[in-house]
Structure formats: structure tokens, C-alpha cells
>>> print(open('structure.cif').read())   # mmCIF, C-alpha atoms
data_model
loop_
_atom_site.label_atom_id
_atom_site.label_comp_id
_atom_site.auth_asym_id
_atom_site.auth_seq_id
_atom_site.Cartn_x
_atom_site.Cartn_y
_atom_site.Cartn_z
CA MET A 927 0.00 0.00 0.00
CA ASP A 928 1.48 3.34 -1.06
CA ALA A 929 1.47 6.48 1.07
CA LEU A 930 -1.65 8.05 -0.47
CA THR A 931 -3.66 4.84 -0.14
CA ALA A 932 -2.54 4.41 3.47
CA ALA A 933 -3.47 8.02 4.27
CA ALA A 934 -6.91 7.55 2.68
CA ALA A 935 -7.46 4.40 4.74
CA GLN A 936 -6.53 6.24 7.92
CA ALA A 937 -8.94 9.06 7.04
CA LEU A 938 -11.77 6.56 6.55
CA ALA A 939 -10.96 4.85 9.84
CA ALA A 940 -11.28 8.26 11.52
CA GLY A 941 -14.66 8.91 9.87
CA ASP A 942 -13.36 11.47 7.34
CA PRO A 943 -14.63 10.36 3.89
CA ILE A 944 -13.93 13.73 2.27
CA GLY A 945 -10.29 13.55 3.37
CA ALA A 946 -10.04 10.05 1.91
CA LEU A 947 -11.54 11.09 -1.43
CA LYS A 948 -9.09 13.96 -1.74
CA ARG A 949 -6.32 11.38 -1.89
CA VAL A 950 -7.79 8.66 -4.14
CA ALA A 951 -10.72 10.19 -6.06
CA LEU A 952 -8.95 10.06 -9.44
CA ARG A 953 -7.30 6.67 -9.10
CA ARG A 954 -8.57 3.44 -10.67
CA ASP A 955 -6.42 0.77 -9.02
CA PRO A 956 -8.41 -1.82 -6.99
CA ALA A 957 -7.30 -0.58 -3.56
CA ALA A 958 -8.28 3.00 -4.42
CA LEU A 959 -11.62 1.85 -5.82
CA ALA A 960 -12.36 0.00 -2.59
CA LEU A 961 -11.51 3.05 -0.48
CA ARG A 962 -13.62 5.25 -2.73
CA GLY A 963 -16.51 2.85 -2.32
CA ILE A 964 -16.26 2.96 1.47
CA ALA A 965 -16.04 6.75 1.38
CA MET A 966 -19.17 7.00 -0.78
CA ALA A 967 -20.96 4.67 1.62
CA GLN A 968 -20.07 6.94 4.53
CA LEU A 969 -21.47 9.87 2.53
CA GLY A 970 -24.73 7.97 1.92
CA ASP A 971 -24.42 7.23 -1.81
CA TRP A 972 -24.95 3.51 -1.41
CA GLN A 973 -25.57 2.65 -5.06
CA ARG A 974 -22.31 4.24 -6.18
CA ALA A 975 -20.52 2.67 -3.22
CA ARG A 976 -21.65 -0.80 -4.27
CA GLU A 977 -20.53 -0.24 -7.86
CA LEU A 978 -17.07 0.87 -6.75
CA LEU A 979 -16.66 -2.06 -4.36
CA ARG A 980 -17.67 -4.57 -7.03
CA ASP A 981 -15.23 -2.95 -9.47
CA ALA A 982 -12.53 -3.23 -6.81
CA ALA A 983 -13.29 -6.91 -6.18
CA ARG A 984 -13.05 -7.67 -9.90
CA GLY A 985 -9.82 -5.70 -10.10
CA PHE A 986 -8.22 -7.67 -7.28
CA GLY A 987 -8.98 -10.92 -9.08
CA LYS A 988 -9.02 -14.45 -7.71
CA PRO A 989 -5.40 -14.46 -6.48
CA ALA A 990 -6.18 -11.65 -4.01
CA ALA A 991 -8.89 -13.60 -2.21
CA THR A 992 -8.41 -11.75 1.08
CA ALA A 993 -8.89 -8.34 -0.53
CA ARG A 994 -11.97 -9.60 -2.39
CA ALA A 995 -13.44 -10.88 0.89
CA ARG A 996 -12.91 -7.49 2.53
CA CYS A 997 -14.75 -5.83 -0.37
CA LEU A 998 -17.60 -8.30 0.12
CA ILE A 999 -17.82 -7.44 3.81
CA ALA A 1000 -18.00 -3.74 2.97
CA GLU A 1001 -20.80 -4.47 0.50
CA ALA A 1002 -22.62 -6.49 3.16
CA GLU A 1003 -22.44 -3.57 5.56
CA ILE A 1004 -23.92 -1.27 2.92
CA ALA A 1005 -26.74 -3.77 2.34
CA LEU A 1006 -27.41 -3.82 6.08
CA VAL A 1007 -27.45 -0.05 6.48
CA SER A 1008 -29.67 0.36 3.40
CA ARG A 1009 -31.96 -2.34 4.82
CA ASP A 1010 -31.41 -4.73 1.95
CA LEU A 1011 -32.04 -7.66 4.29
CA ALA A 1012 -32.46 -10.11 1.42
CA TRP A 1013 -28.76 -9.72 0.55
CA PRO A 1014 -27.31 -13.27 0.54
CA GLY A 1015 -25.89 -13.85 3.99
CA ASN A 1016 -24.11 -17.03 2.89
CA ARG A 1017 -21.63 -14.88 0.95
CA LEU A 1018 -20.80 -13.02 4.16
CA ASN A 1019 -20.27 -16.34 5.97
CA GLU A 1020 -17.91 -17.52 3.23
CA ALA A 1021 -15.93 -14.27 3.41
CA ARG A 1022 -15.68 -14.56 7.18
CA ALA A 1023 -14.45 -18.16 6.98
CA LEU A 1024 -11.82 -17.17 4.42
CA LEU A 1025 -10.53 -14.29 6.54
CA LEU A 1026 -10.35 -16.53 9.60
CA SER A 1027 -8.30 -19.04 7.64
CA ARG A 1028 -5.96 -16.25 6.46
CA GLY A 1029 -5.49 -14.86 9.99
CA ASP A 1030 -7.36 -11.58 9.40
CA LEU A 1031 -9.17 -11.79 12.73
CA ALA A 1032 -10.24 -8.13 12.90
CA ASN A 1033 -12.17 -8.18 9.61
CA ALA A 1034 -13.50 -11.67 10.31
CA GLY A 1035 -14.84 -10.41 13.63
CA HIS A 1036 -16.39 -7.42 11.87
CA ALA A 1037 -18.14 -9.79 9.45
CA GLY A 1038 -19.51 -11.74 12.40
CA TYR A 1039 -20.82 -8.58 14.02
CA LEU A 1040 -22.61 -7.67 10.77
CA GLU A 1041 -24.20 -11.11 10.62
CA ALA A 1042 -25.41 -10.80 14.22
CA ARG A 1043 -26.80 -7.35 13.52
CA ARG A 1044 -28.82 -8.66 10.57
CA HIS A 1045 -30.29 -11.45 12.72
CA LEU A 1046 -31.18 -8.87 15.37
CA LEU A 1047 -33.01 -6.72 12.82
CA ILE A 1048 -35.21 -9.61 11.69
CA GLY A 1049 -35.91 -10.77 15.25
CA GLN A 1050 -33.77 -13.92 15.31
CA LEU A 1051 -32.33 -13.29 18.76
CA ALA A 1052 -31.11 -16.82 19.46
CA THR A 1053 -29.10 -16.89 16.21
CA ALA A 1054 -27.77 -13.39 16.85
CA GLU A 1055 -26.56 -14.45 20.30
CA GLN A 1056 -24.93 -17.55 18.89
CA VAL A 1057 -23.00 -15.48 16.34
CA MET A 1058 -22.00 -12.94 18.99
CA ASN A 1059 -20.64 -15.71 21.22
CA SER A 1060 -18.38 -16.83 18.38
CA ILE A 1061 -16.64 -13.43 18.21
CA ASP A 1062 -13.67 -12.49 20.38
CA PRO A 1063 -14.11 -8.75 21.11
CA VAL A 1064 -10.36 -8.39 21.78
CA GLN A 1065 -9.70 -8.92 18.06
CA LEU A 1066 -11.93 -6.03 16.92
CA THR A 1067 -10.88 -2.49 16.09
CA PRO A 1068 -12.42 0.24 18.30
CA ALA A 1069 -15.02 1.14 15.63
CA SER A 1070 -16.08 -2.49 15.14
CA LEU A 1071 -16.03 -3.03 18.90
CA ALA A 1072 -18.48 -0.16 19.40
CA GLY A 1073 -20.84 -1.77 16.87
CA PHE A 1074 -20.39 -5.15 18.55
CA TRP A 1075 -21.47 -3.79 21.92
CA LEU A 1076 -24.39 -1.92 20.34
CA VAL A 1077 -25.67 -5.23 18.96
CA ALA A 1078 -25.17 -6.83 22.38
CA ALA A 1079 -27.16 -3.99 23.93
CA GLY A 1080 -29.90 -4.42 21.33
CA ILE A 1081 -30.22 -8.13 22.10
CA ALA A 1082 -30.38 -7.45 25.84
CA MET A 1083 -33.03 -4.76 25.36
CA ARG A 1084 -35.18 -7.08 23.28
CA GLN A 1085 -34.83 -9.67 26.06
CA LEU A 1086 -35.71 -7.04 28.70
CA ALA A 1087 -32.35 -7.61 30.41
CA ILE A 1088 -31.86 -3.95 31.31
CA PRO A 1089 -28.73 -4.20 33.53
CA ARG A 1090 -26.95 -6.21 30.82
CA ALA A 1091 -28.01 -3.66 28.20
CA SER A 1092 -26.61 -0.81 30.29
CA GLU A 1093 -23.29 -2.60 30.70
CA ALA A 1094 -23.08 -3.20 26.94
CA LEU A 1095 -23.83 0.47 26.24
CA ASP A 1096 -21.07 1.55 28.64
CA ALA A 1097 -18.65 -0.70 26.75
CA ALA A 1098 -19.92 0.69 23.40
CA ALA A 1099 -19.39 4.26 24.62
CA SER A 1100 -15.83 3.46 25.70
CA ALA A 1101 -15.02 1.87 22.32
CA ALA A 1102 -16.61 4.76 20.40
CA THR A 1103 -14.54 7.21 22.43
CA ASP A 1104 -11.38 5.28 21.53
CA ALA A 1105 -12.44 5.27 17.85
CA ARG A 1106 -12.95 9.07 17.93
CA ILE A 1107 -15.80 8.88 15.44
CA PRO A 1108 -18.57 11.38 16.29
CA MET A 1109 -21.27 9.38 14.47
CA LEU A 1110 -20.54 6.33 16.61
CA LEU A 1111 -20.74 8.38 19.80
CA ALA A 1112 -24.07 9.81 18.66
CA GLU A 1113 -25.41 6.33 17.90
CA VAL A 1114 -24.44 5.08 21.35
CA GLN A 1115 -26.11 8.07 23.00
CA ARG A 1116 -29.24 7.64 20.89
CA THR A 1117 -29.50 3.99 21.93
CA ARG A 1118 -28.94 4.95 25.57
CA ASP A 1119 -31.76 7.51 25.31
CA PHE A 1120 -34.12 4.74 24.21
CA LEU A 1121 -33.83 3.18 27.67
CA GLN A 1122 -35.70 6.22 29.00
CA ALA A 1123 -38.16 6.48 26.10
CA PRO A 1124 -41.77 5.27 26.41
CA ALA A 1125 -41.78 1.58 25.54
CA ALA A 1126 -45.39 0.58 26.32
CA ARG A 1127 -48.68 1.65 27.86
CA LEU A 1128 -50.22 -0.14 30.84
CA PHE A 1129 -53.98 -0.16 31.43
CA SER A 1130 -55.24 -1.37 34.80
CA SER A 1131 -58.54 -0.72 36.62
CA GLY A 1132 -59.38 2.19 34.35
CA ARG A 1133 -55.98 3.87 34.80
CA GLU A 1134 -53.35 4.33 32.13
CA SER A 1135 -49.60 4.78 32.58
CA VAL A 1136 -46.65 5.03 30.21
CA LEU A 1137 -43.74 2.71 31.02
CA HIS A 1138 -40.05 2.78 30.25
CA LEU A 1139 -38.34 -0.44 29.24
CA ALA A 1140 -37.11 -1.23 32.76
CA GLU A 1141 -40.62 -0.71 34.11
CA VAL A 1142 -42.02 -3.06 31.44
CA ALA A 1143 -39.57 -5.74 32.60
CA ASP A 1144 -40.63 -5.26 36.24
CA VAL A 1145 -44.34 -5.51 35.40
CA LEU A 1146 -43.92 -8.70 33.36
CA ARG A 1147 -41.97 -10.34 36.18
CA GLY A 1148 -44.37 -9.18 38.90
CA PRO A 1149 -47.47 -10.87 40.38
CA VAL A 1150 -49.95 -8.89 38.25
CA LEU A 1151 -51.61 -10.94 35.51
CA VAL A 1152 -50.64 -9.02 32.36
CA VAL A 1153 -52.26 -9.50 28.97
CA ASP A 1154 -49.35 -8.45 26.76
CA ALA A 1155 -50.62 -7.05 23.45
CA CYS A 1156 -47.03 -6.39 22.31
CA ARG A 1157 -46.32 -10.12 22.06
CA ASN A 1158 -49.84 -11.65 22.22
CA ALA A 1159 -49.20 -13.44 25.49
CA VAL A 1160 -50.35 -13.60 29.11
CA CYS A 1161 -47.73 -13.17 31.85
CA ALA A 1162 -47.56 -13.35 35.65
CA ASP A 1163 -44.81 -14.11 38.20
CA GLY A 1164 -42.22 -14.40 35.44
CA LYS A 1165 -44.25 -17.10 33.64
CA THR A 1166 -45.56 -16.61 30.11
CA VAL A 1167 -48.34 -18.25 28.14
CA PRO A 1168 -47.85 -17.43 24.43
CA LEU A 1169 -51.05 -17.06 22.40
CA GLY A 1170 -49.51 -15.91 19.14
CA ARG A 1171 -51.16 -18.69 17.13
CA ARG A 1172 -54.43 -18.63 19.09
CA PRO A 1173 -55.92 -15.23 18.21
CA VAL A 1174 -59.39 -16.09 19.48
CA LEU A 1175 -58.05 -16.97 22.92
CA PHE A 1176 -55.95 -13.82 23.04
CA ALA A 1177 -58.90 -11.65 22.00
CA LEU A 1178 -60.96 -13.16 24.82
CA ALA A 1179 -58.15 -12.69 27.35
CA ARG A 1180 -57.71 -9.03 26.36
CA ALA A 1181 -61.45 -8.33 26.47
CA LEU A 1182 -61.72 -9.87 29.94
CA ALA A 1183 -58.63 -8.00 31.18
CA GLU A 1184 -59.92 -4.66 29.93
CA ALA A 1185 -63.15 -5.16 31.90
CA TRP A 1186 -61.49 -6.37 35.13
CA PRO A 1187 -62.43 -6.24 38.04
CA ASN A 1188 -65.88 -6.35 36.43
CA ASP A 1189 -67.16 -9.11 34.21
CA ARG A 1190 -67.65 -8.91 30.45
CA ASP A 1191 -70.99 -9.48 28.72
CA ARG A 1192 -71.24 -12.59 26.54
CA GLY A 1193 -72.37 -10.57 23.54
CA VAL A 1194 -69.33 -8.31 23.80
CA LEU A 1195 -67.02 -11.31 24.08
CA ILE A 1196 -68.59 -12.88 21.00
CA SER A 1197 -68.08 -9.63 19.09
CA HIS A 1198 -64.41 -9.40 20.17
CA ALA A 1199 -63.52 -13.02 19.51
CA PHE A 1200 -65.63 -13.99 16.51
CA ARG A 1201 -66.33 -10.62 14.82
CA SER A 1202 -70.05 -11.39 14.97
CA GLN A 1203 -72.88 -9.15 16.15
CA HIS A 1204 -75.35 -12.02 16.51
CA ALA A 1205 -75.11 -13.79 19.88
CA ASP A 1206 -77.31 -16.78 19.05
CA ASP A 1207 -77.23 -20.18 20.75
CA SER A 1208 -74.51 -21.55 18.46
CA MET A 1209 -72.26 -18.56 19.15
CA ARG A 1210 -72.80 -18.85 22.89
CA ALA A 1211 -71.92 -22.55 22.71
CA ARG A 1212 -68.79 -21.73 20.75
CA LEU A 1213 -67.91 -19.06 23.33
CA ARG A 1214 -68.18 -21.64 26.16
CA VAL A 1215 -65.78 -23.93 24.27
CA GLU A 1216 -63.21 -21.16 23.73
CA ILE A 1217 -63.50 -19.95 27.33
CA GLY A 1218 -62.76 -23.49 28.44
CA ARG A 1219 -59.68 -23.57 26.22
CA LEU A 1220 -58.51 -20.23 27.57
CA ARG A 1221 -59.04 -21.41 31.15
CA ALA A 1222 -56.90 -24.47 30.44
CA ALA A 1223 -54.22 -22.40 28.69
CA LEU A 1224 -53.89 -19.96 31.60
CA GLY A 1225 -53.39 -22.81 34.03
CA ALA A 1226 -51.59 -21.57 37.14
CA LEU A 1227 -51.65 -17.91 36.05
CA GLY A 1228 -55.33 -17.38 36.83
CA GLY A 1229 -58.86 -18.58 36.31
CA ILE A 1230 -62.08 -17.48 34.60
CA LYS A 1231 -65.39 -17.38 36.49
CA ALA A 1232 -68.83 -17.46 34.91
CA THR A 1233 -71.25 -14.72 35.98
CA ALA A 1234 -74.92 -14.07 35.32
CA ARG A 1235 -74.19 -11.99 32.23
CA GLY A 1236 -70.80 -13.30 31.09
CA TYR A 1237 -67.32 -14.10 32.40
CA ARG A 1238 -64.72 -12.51 34.66
CA LEU A 1239 -60.95 -12.99 35.01
CA ALA A 1240 -59.91 -14.30 38.43
CA PRO A 1241 -56.15 -13.85 39.07
CA HIS A 1242 -54.71 -16.01 41.82
CA GLY A 1243 -54.25 -14.44 45.23
CA ASN A 1244 -54.58 -10.68 45.48
CA ALA A 1245 -52.89 -10.01 42.15
CA GLY A 1246 -54.40 -7.45 39.83
CA VAL A 1247 -54.96 -7.56 36.08
CA ALA A 1248 -53.47 -5.22 33.48
CA VAL A 1249 -53.21 -4.85 29.71
CA LEU A 1250 -49.87 -3.93 28.13
CA THR A 1251 -49.98 -2.31 24.68
CA PRO A 1252 -47.45 -0.64 22.34
CA PRO A 1253 -46.76 3.05 23.08
CA ILE A 1254 -49.02 4.11 20.21
CA ILE A 1255 -52.34 2.56 19.32
CA ASP A 1256 -52.37 1.80 15.62
CA ASP A 1257 -53.27 -1.17 13.46
CA HIS A 1258 -49.78 -0.98 11.94
CA ALA A 1259 -47.76 -0.17 15.06
CA ALA A 1260 -45.05 -2.74 14.24
CA VAL A 1261 -44.43 -1.17 10.83
CA LEU A 1262 -44.28 2.28 12.42
CA ALA A 1263 -41.82 1.02 15.02
CA LEU A 1264 -39.37 -0.03 12.29
CA LEU A 1265 -39.83 3.13 10.25
CA ALA A 1266 -39.37 5.26 13.37
CA GLU A 1267 -35.71 4.23 13.52
CA GLY A 1268 -35.11 6.83 10.82
CA GLU A 1269 -33.76 4.39 8.23
CA ALA A 1270 -35.24 3.94 4.75
CA TRP A 1271 -36.83 0.52 4.34
CA SER A 1272 -37.99 -1.41 1.29
CA SER A 1273 -41.34 -3.18 1.61
CA SER A 1274 -39.60 -6.55 1.12
CA ALA A 1275 -37.18 -5.83 3.99
CA LEU A 1276 -40.07 -4.83 6.24
CA ALA A 1277 -41.87 -8.07 5.37
CA LEU A 1278 -38.76 -10.08 6.23
CA ALA A 1279 -38.21 -8.25 9.52
CA LEU A 1280 -41.85 -8.58 10.58
CA GLY A 1281 -42.37 -12.13 9.36
CA ARG A 1282 -45.36 -11.09 7.24
CA SER A 1283 -46.22 -11.45 3.58
CA PRO A 1284 -45.05 -8.68 1.21
CA ARG A 1285 -48.64 -7.97 0.18
CA THR A 1286 -49.71 -7.45 3.80
CA VAL A 1287 -46.85 -5.00 4.38
CA GLN A 1288 -47.50 -3.16 1.12
CA ARG A 1289 -51.15 -2.75 2.08
CA ALA A 1290 -50.13 -1.41 5.51
CA LEU A 1291 -47.67 1.05 3.94
CA ARG A 1292 -50.35 2.38 1.57
CA GLN A 1293 -52.71 2.95 4.50
CA LEU A 1294 -49.98 4.68 6.51
CA ALA A 1295 -49.12 6.85 3.52
CA ALA A 1296 -52.79 7.83 3.11
CA ALA A 1297 -52.84 8.82 6.78
CA GLY A 1298 -49.66 10.88 6.42
CA LYS A 1299 -47.66 8.57 8.70
CA ALA A 1300 -45.27 7.25 6.03
CA GLU A 1301 -43.91 8.39 2.71
CA SER A 1302 -41.93 6.80 -0.08
CA PHE A 1303 -39.25 7.82 -2.53
CA GLY A 1304 -37.78 6.03 -5.52
CA ARG A 1305 -39.57 3.68 -7.86
CA GLY A 1306 -39.72 -0.06 -8.44
CA ARG A 1307 -37.08 -2.05 -6.57
CA ALA A 1308 -35.43 1.21 -5.50
CA CYS A 1309 -38.57 2.36 -3.65
CA ARG A 1310 -37.93 3.06 0.04
CA TRP A 1311 -40.26 4.02 2.88
CA ILE A 1312 -39.60 6.40 5.74
CA ALA A 1313 -41.63 7.99 8.51
CA PRO A 1314 -41.35 11.36 10.23
CA ARG A 1315 -39.40 11.15 13.46
CA MET A 1316 -41.76 10.54 16.37
CA PRO A 1317 -40.32 12.05 19.57
CA GLY A 1318 -40.23 9.53 22.37
CA PHE A 1319 -41.26 6.59 20.18
CA PRO A 1320 -38.94 3.62 20.60
CA THR A 1321 -37.38 1.68 17.77
CA THR A 1322 -37.77 -2.03 17.22
CA LEU A 1323 -34.81 -2.63 19.53
CA LEU A 1324 -37.13 -1.86 22.41
CA LEU A 1325 -39.88 -4.23 21.38
CA PRO A 1326 -39.83 -7.55 23.24
CA PRO A 1327 -38.85 -10.51 21.07
CA PRO A 1328 -41.55 -12.70 19.55
CA LEU A 1329 -42.45 -15.58 21.82
CA PRO A 1330 -42.62 -19.22 20.76
CA ASP A 1331 -46.00 -19.89 19.21
CA GLY A 1332 -48.48 -21.25 21.68
#
>>> encode(input="structure.cif", output="C-alpha cells")
Amino acid sequence: MDALTAAAAQALAAGDPIGALKRVALRRDPAALALRGIAMAQLGDWQRARELLRDAARGFGKPAATARARCLIAEAEIALVSRDLAWPGNRLNEARALLLSRGDLANAGHAGYLEARRHLLIGQLATAEQVMNSIDPVQLTPASLAGFWLVAAGIAMRQLAIPRASEALDAAASAATDARIPMLLAEVQRTRDFLQAPAARLFSSGRESVLHLAEVADVLRGPVLVVDACRNAVCADGKTVPLGRRPVLFALARALAEAWPNDRDRGVLISHAFRSQHADDSMRARLRVEIGRLRAALGALGGIKATARGYRLAPHGNAGVAVLTPPIIDDHAAVLALLAEGEAWSSSALALALGRSPRTVQRALRQLAAAGKAESFGRGRACRWIAPRMPGFPTTLLLPPPLPDG
């Protein structure tokens, strides 16, 4: 590496893309093309950055396999930042394996961190943790180490492990300070601020309160029987009954919880659970069957008592009942939570992250756009969706992870 190329690389490592371009903007050798691609990525021109990195990889050729793998990792990072979540992750795994075999532990570790970050974005927490455990943080550069700890903090926040998230953020702040990159420091501070942002609303006995993430964790581990509309589950005393694949049972549980300590009329329960306004004998019989299933599903968490006009939740002991909902009430709150991060998303990436069909997500985006809550730019495959920044609204990192289907 000549002096100009080395100086450009140092400028990029310090977060100075303009300084790097001043040194290599007119050069066409593979190393300069790769540095130009990284600089353009830092400036936000992702399409041009990808073109330059691919040109650099072709220029290096097959003999320079290590350099080609580094270009691939840079392209993977661009795909991640631009929310191209369908980018083939197996190519990143191959590049990481090659770098490990060649002794380039720092870049191999960076590739692992990128893989874990992608799994975190699409809600695969167990896989993200497994990848993180395979990385030795000592081998990472300060900039990569800051990203590593941010991913660790994100996993802990999704698992409601608040002390562990705080420790990871402290480590991320220390690494970002060592890296001396202002954008990294800002990202760490923004993530830290989310710990104090509203994460959910709690409704209990006619009262409403807004909870931070730590308070959500305390409520879910406490004695109160909580119908969790963020994850479609019922929780109490640290135990959880997932109802993600039993929407009728969850609708009944939520309707009963919203009425507690009073009972809920059978006609209202039929309307909530079956979307029917006619409470005839067949519907009442069906309601009795579903109430029995819900009673069995709740098990030790609580019971359901029949009353003259309907049914009432009966938590064990002196425990109360509460309903936990997302911080905003909207039919498409999950889509808004992802858009609220401030990144531009494609509809296909949103579908992958939410585990929904592309058509469902596209329909939700059109409805949000009609309501002025989302807007798009670009056309065709280049179309991206964004939302205005919502003060105090948490990103998807704050949402609890999806529970196993019950």
C-alpha cells in the first residue's frame, strides 16, 4: 500500500470520507476503488458505493482472495445499512471463513458482528446471540467493537435484560470514544436515550400509565396478571403463556382484562372473539368452548369465572390484572416502530423483519401513507419508505422478542 492509499485508509478509519476522497478520487487501481466505495458509503451514496466495491473486487482478481473478501464485507455492511435484508448472507459467511483461515481476525470479527446485527433486525435473537458468542471482542478495532457492543445492547433490550443492556452500552461508549468517530458516539447516546423512552402503555382498573423499558420488565416479572398485546401473550410471576397462534383466545383474554375487576358481557365477548354481532345459541356454545380452552391455557396464572351476564378474570391471590400495549395505538404499530428508527426501508425488507407477507406489508404502507404517517421515494425495486421522526417513540430494539408460538 502506497502512502496516499494508506493516508486515505486512515482518514476513513477516523470517519473522514472527504479527506479520503481527496487522496484517491482520481485513481482506478483496486485498492483506491475499494476506499472510494467505502467513502461514498459513509457519505450515503450507497448505489455508487456498491458499484465501486464490485469494481474493486473484480480488479483484485481471484489471487487476491483476502482483498476480495474485505470488499464483500463492505458491501454487506452497505446492504445492512440500506436495509437490503435479502442480501445473501451465505456470501458473508464464506468471506468470514476465508478471513479466519488467512489470519485476518479483525475483519473476520467485523463480518460476524454484521451477521449478528442482521439477525437482530429480523428478530432472530437466538441466532444473533450464537454469532456474537463466536466473536472475540479483543480482536476487533475500536469502531467495530463499538458496533459489537451496540448489537449486544440491542439483544439485551429485546430480552428485557436492562442491567446487561446498560453494561453493553457503557462498553460501546468506551469503544466509540477510543475510535474518535462522532457518528458512533451519537449512535451510542441515541440507543442509551431509548432506555428512557416510552416503551409501552399499561392499562389497569381504568388507569393508564406510560412505562419505560425497565418498568415493562418489572411488570412482566411481577405478580400482576398481564395480557401483553405487544407479544400476544399472558404473563404473571415471570411465567408466560404465548397465544400468538391462538388469536381467538388472546382476543378473549384481552377483552376480559380490559373489563377487570368487572365481568364482560357474553355478547361483547362474542363480538371481540368472533367478529359477529349475533349472539345466538350456536355462538354462545362456541364461546363456552373457547373460554374453556382459555381457562386451560392460563393454568396456574389465573382462572375465569362465569357470571350471570358473562365471564370474569380471576387472578390467583390478590394479584391485579393489566393490559400492556405498544406506546401508540395503531393497526400498523409494528411497521411504524421499524420506520421510526429513521432508516429507509424497502417493503420486502419490512416483510422479512416482521415475518409477514409482502402484500400485507404493502397494504399497511399504503394505508400509513394515506394517513400521512409514512412516505416513499424512488420507484420499483429502489422504492424506500420512511416515517417522520416521532419524539419519544422507541425503535424495534425496544420491542420484546416474539415468543414461541403457543
>>> resolve_selection(input="structure.cif", expression="the PyMOL selection byres ((chain A and resi 935-947) around 10)", output="ChimeraX atom specification")
/A:927,929-934,948-953,957-958,960-969,1067-1069,1105-1110
>>> atom_distance(input="structure.cif", atom1="CA of Ala1279 in chain A", atom2="CA of Arg1305 in chain A")
21.1 Å
>>> resolve_selection(input="structure.cif", expression="the PyMOL selection byres ((chain A and resi 1079) around 9)", output="VMD selection string")
chain A and resid 1074 to 1078 1080 to 1084 1088 1090 to 1095 1098 1117 1323
>>> closest_atom_pairs(input="structure.cif", of="range 993-1051 of chain A", to="range 1254-1270 of chain A", cutoff="8 Å", atoms="all atoms listed in the file", output="CSV")
residue,atom,partner,partner_atom,distance
A:Val1007,CA,A:Glu1269,CA,7.9
A:Ser1008,CA,A:Ala1270,CA,6.8
A:Arg1009,CA,A:Ala1270,CA,7.1
>>> resolve_selection(input="structure.cif", expression="the PyMOL selection byres ((chain A and resi 1281-1292) around 12)", output="VMD selection string")
chain A and resid 1047 to 1050 1256 to 1262 1264 to 1265 1271 to 1280 1293 to 1302 1309 to 1313 1328
>>> write_last_selection(input="structure.cif", atoms="C-alpha atoms", output="PDB file, in the frame of the given file")
ATOM      1  CA  LEU A1047     -33.010  -6.720  12.820  1.00  0.00           C
ATOM      2  CA  ILE A1048     -35.210  -9.610  11.690  1.00  0.00           C
ATOM      3  CA  GLY A1049     -35.910 -10.770  15.250  1.00  0.00           C
ATOM      4  CA  GLN A1050     -33.770 -13.920  15.310  1.00  0.00           C
ATOM      5  CA  ASP A1256     -52.370   1.800  15.620  1.00  0.00           C
ATOM      6  CA  ASP A1257     -53.270  -1.170  13.460  1.00  0.00           C
ATOM      7  CA  HIS A1258     -49.780  -0.980  11.940  1.00  0.00           C
ATOM      8  CA  ALA A1259     -47.760  -0.170  15.060  1.00  0.00           C
ATOM      9  CA  ALA A1260     -45.050  -2.740  14.240  1.00  0.00           C
ATOM     10  CA  VAL A1261     -44.430  -1.170  10.830  1.00  0.00           C
ATOM     11  CA  LEU A1262     -44.280   2.280  12.420  1.00  0.00           C
ATOM     12  CA  LEU A1264     -39.370  -0.030  12.290  1.00  0.00           C
ATOM     13  CA  LEU A1265     -39.830   3.130  10.250  1.00  0.00           C
ATOM     14  CA  TRP A1271     -36.830   0.520   4.340  1.00  0.00           C
ATOM     15  CA  SER A1272     -37.990  -1.410   1.290  1.00  0.00           C
ATOM     16  CA  SER A1273     -41.340  -3.180   1.610  1.00  0.00           C
ATOM     17  CA  SER A1274     -39.600  -6.550   1.120  1.00  0.00           C
ATOM     18  CA  ALA A1275     -37.180  -5.830   3.990  1.00  0.00           C
ATOM     19  CA  LEU A1276     -40.070  -4.830   6.240  1.00  0.00           C
ATOM     20  CA  ALA A1277     -41.870  -8.070   5.370  1.00  0.00           C
ATOM     21  CA  LEU A1278     -38.760 -10.080   6.230  1.00  0.00           C
ATOM     22  CA  ALA A1279     -38.210  -8.250   9.520  1.00  0.00           C
ATOM     23  CA  LEU A1280     -41.850  -8.580  10.580  1.00  0.00           C
ATOM     24  CA  GLN A1293     -52.710   2.950   4.500  1.00  0.00           C
ATOM     25  CA  LEU A1294     -49.980   4.680   6.510  1.00  0.00           C
ATOM     26  CA  ALA A1295     -49.120   6.850   3.520  1.00  0.00           C
ATOM     27  CA  ALA A1296     -52.790   7.830   3.110  1.00  0.00           C
ATOM     28  CA  ALA A1297     -52.840   8.820   6.780  1.00  0.00           C
ATOM     29  CA  GLY A1298     -49.660  10.880   6.420  1.00  0.00           C
ATOM     30  CA  LYS A1299     -47.660   8.570   8.700  1.00  0.00           C
ATOM     31  CA  ALA A1300     -45.270   7.250   6.030  1.00  0.00           C
ATOM     32  CA  GLU A1301     -43.910   8.390   2.710  1.00  0.00           C
ATOM     33  CA  SER A1302     -41.930   6.800  -0.080  1.00  0.00           C
ATOM     34  CA  CYS A1309     -38.570   2.360  -3.650  1.00  0.00           C
ATOM     35  CA  ARG A1310     -37.930   3.060   0.040  1.00  0.00           C
ATOM     36  CA  TRP A1311     -40.260   4.020   2.880  1.00  0.00           C
ATOM     37  CA  ILE A1312     -39.600   6.400   5.740  1.00  0.00           C
ATOM     38  CA  ALA A1313     -41.630   7.990   8.510  1.00  0.00           C
ATOM     39  CA  PRO A1328     -41.550 -12.700  19.550  1.00  0.00           C
TER      40      PRO A1328
END
>>> closest_residue(input="structure.cif", among="A:Leu998, A:Leu1178, A:Leu1137, A:Ala1034", to="Leu1195 in chain A", atoms="only C-alpha atoms")
A:Leu1178
>>> atom_distance(input="structure.cif", atom1="CA of Gly1073 in chain A", atom2="CA of Arg984 in chain A")
28.5 Å
>>> residues_around(input="structure.cif", residues="Ser1060 in chain A", least_positions_apart="6", cutoff="12 Å", atoms="all atoms listed in the file", output="JSON, numbers by chain")
{"A": [1022, 1026, 1031, 1034, 1035, 1036, 1037, 1038, 1039, 1041, 1042, 1053, 1054, 1074]}
>>> closest_residue(input="structure.cif", among="A:Pro1168, A:Gly1148, A:Gly987, A:Gly1306", to="Leu1224 in chain A", atoms="all atoms listed in the file")
A:Pro1168
>>> atom_distance(input="structure.cif", atom1="CA of Ala982 in chain A", atom2="CA of Leu1071 in chain A")
25.9 Å
>>> closest_residue(input="structure.cif", among="A:Met1209, A:Asp1104, A:Leu1111, A:Leu1051", to="Gln1085 in chain A", atoms="only C-alpha atoms")
A:Leu1051
>>> residues_near_point(input="structure.cif", point="(-47.5, -14.3, 25.6)", cutoff="8 Å", atoms="all atoms listed in the file", output="count of residues only")
13
